[in-house]
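Q: First the structure, which I've put down as structure tokens, then a few questions once you've had a look.
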Amino acid sequence: MNSRHSLARSLRKTPRWAERVLWRNLRNRSFAQFKFRRQHPVGAYVLDFYCASRRLAVELDGDVHNVPGQKNHDTVRDAYLADQGIQVLRFWNIEVQENLDGVLDVILAELCRETSNPDPLPCRARERGSHEEFAQC
């Protein structure tokens, strides 16, 4: 097993709190029936969350991402992923804590954005309370 796969496995075993919160909403096709992978290796990088069908990565950033060297690393990483046809959405960990619904709304809007192979069926948004909301993709 290569080092990226080992790293991904290790990261899955010890998720940060924001990852645990977001994963509860994205796992098992429970989010608009889109399949997400957690700590998914792509090239030299490991993505926090990845939806292969839409080629969408969701990254959660903590304070370390404010450091100039890390900002440059993130820019290079995002450019590499864009070259691979993967779009990256970035959110601060604090956004997950303070505005989880807003984070999920942005992710859903991107997932439902028209692609070259649009799904004609509506995508089911996450459950809120006792009812389900639907969004037309």
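Chain labels A, B, ... are given in the sequence in which chains occur in the structure tokens; within each chain residues are numbered consecutively from 1, and ligands are likewise numbered from 1 in the order shown.
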Residues of segment 10-70 of chain A classed as strand (DSSP E or B) by DSSP on the backbone are to be reported as a PyMOL selection string.

A: chain A and resi 31+34+37-42+45-51+56-61

Q: Residues near Leu100 of chain A, anyone? I mean within 12 Å using only C-alpha atoms, not counting same-chain ones fewer than 2 positions away, as a list in words.

A: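 Once the adjacent positions are removed, what remains is Ala18, Glu19, Val21, Leu22, Trp23, Arg24, Asn25, Leu26, Phe91, Trp92, Asn93, Ile94, Glu95, Val96, Gln97, Glu98, Gly102, Val103, Leu104, Asp105, Val106, Ile107 and Arg126 of chain A.
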
Q: Would you save the residues of that selection, restricted to N, CA and C atoms, as a short mmCIF file (atom, residue, chain, number, x, y, z; two decimals), in the first residue's frame?

A:
data_model
loop_
_atom_site.label_atom_id
_atom_site.label_comp_id
_atom_site.auth_asym_id
_atom_site.auth_seq_id
_atom_site.Cartn_x
_atom_site.Cartn_y
_atom_site.Cartn_z
N ALA A 18 -14.72 18.99 12.98
CA ALA A 18 -15.51 19.53 11.86
C ALA A 18 -15.75 18.46 10.81
N GLU A 19 -14.76 17.60 10.59
CA GLU A 19 -14.93 16.50 9.64
C GLU A 19 -16.01 15.53 10.12
N VAL A 21 -18.61 16.21 11.99
CA VAL A 21 -19.91 16.87 11.83
C VAL A 21 -20.34 16.84 10.36
N LEU A 22 -19.46 17.23 9.46
CA LEU A 22 -19.83 17.26 8.05
C LEU A 22 -20.06 15.85 7.51
N TRP A 23 -19.24 14.90 7.93
CA TRP A 23 -19.38 13.52 7.46
C TRP A 23 -20.74 12.93 7.85
N ARG A 24 -21.25 13.27 9.01
CA ARG A 24 -22.58 12.79 9.42
C ARG A 24 -23.64 13.20 8.41
N ASN A 25 -23.43 14.31 7.72
CA ASN A 25 -24.40 14.81 6.76
C ASN A 25 -24.16 14.30 5.34
N LEU A 26 -22.94 13.88 5.03
CA LEU A 26 -22.60 13.49 3.66
C LEU A 26 -22.56 11.97 3.45
N PHE A 91 -14.03 25.41 3.07
CA PHE A 91 -14.77 26.02 4.18
C PHE A 91 -13.87 26.01 5.40
N TRP A 92 -14.00 27.05 6.21
CA TRP A 92 -13.30 27.07 7.49
C TRP A 92 -14.03 26.13 8.46
N ASN A 93 -13.29 25.49 9.34
CA ASN A 93 -13.90 24.62 10.35
C ASN A 93 -14.98 25.36 11.13
N ILE A 94 -14.73 26.61 11.45
CA ILE A 94 -15.69 27.38 12.24
C ILE A 94 -17.01 27.56 11.49
N GLU A 95 -16.96 27.59 10.15
CA GLU A 95 -18.20 27.70 9.37
C GLU A 95 -19.08 26.47 9.58
N VAL A 96 -18.45 25.31 9.71
CA VAL A 96 -19.21 24.08 9.95
C VAL A 96 -19.91 24.17 11.30
N GLN A 97 -19.22 24.73 12.28
CA GLN A 97 -19.80 24.86 13.61
C GLN A 97 -20.90 25.91 13.66
N GLU A 98 -20.67 27.06 13.04
CA GLU A 98 -21.60 28.17 13.17
C GLU A 98 -22.66 28.25 12.09
N GLY A 102 -25.67 26.54 5.96
CA GLY A 102 -25.12 27.33 4.87
C GLY A 102 -24.05 26.57 4.10
N VAL A 103 -23.18 25.86 4.80
CA VAL A 103 -22.15 25.05 4.16
C VAL A 103 -22.80 23.98 3.29
N LEU A 104 -23.79 23.30 3.84
CA LEU A 104 -24.47 22.25 3.09
C LEU A 104 -25.22 22.82 1.89
N ASP A 105 -25.78 24.00 2.03
CA ASP A 105 -26.47 24.64 0.90
C ASP A 105 -25.51 24.94 -0.25
N VAL A 106 -24.31 25.41 0.08
CA VAL A 106 -23.32 25.70 -0.96
C VAL A 106 -22.89 24.41 -1.65
N ILE A 107 -22.66 23.36 -0.88
CA ILE A 107 -22.28 22.07 -1.46
C ILE A 107 -23.39 21.55 -2.36
N ARG A 126 -30.87 17.18 2.00
CA ARG A 126 -30.83 16.56 3.33
C ARG A 126 -32.14 16.77 4.06
#

Q: One decimal, Å: what's the distance from atom CA of Arg55 of chain A over to atom CA of Gln84 of chain A, could you say?

A: 9.1 Å

Q: Just to confirm, what's the straight-line distance from atom CA of Ala52 of chain A to atom CA of Glu110 of chain A in Å (one decimal)?

A: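 Pair atom CA of Ala52 of chain A / atom CA of Glu110 of chain A returns 13.2 Å.
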
Q: Please list as a PyMOL selection string every residue within 7 Å of segment 34-39 of chain A, counting only C-alpha atoms and excluding residues in the same chain fewer than 2 positions away.

A: chain A and resi 8+11-12+26-29+31-32+41+46-51

Q: Record the distance separating atom CA of Pro68 of chain A and atom CA of Tyr80 of chain A, expressed in Å with one decimal.

A: 18.6 Å
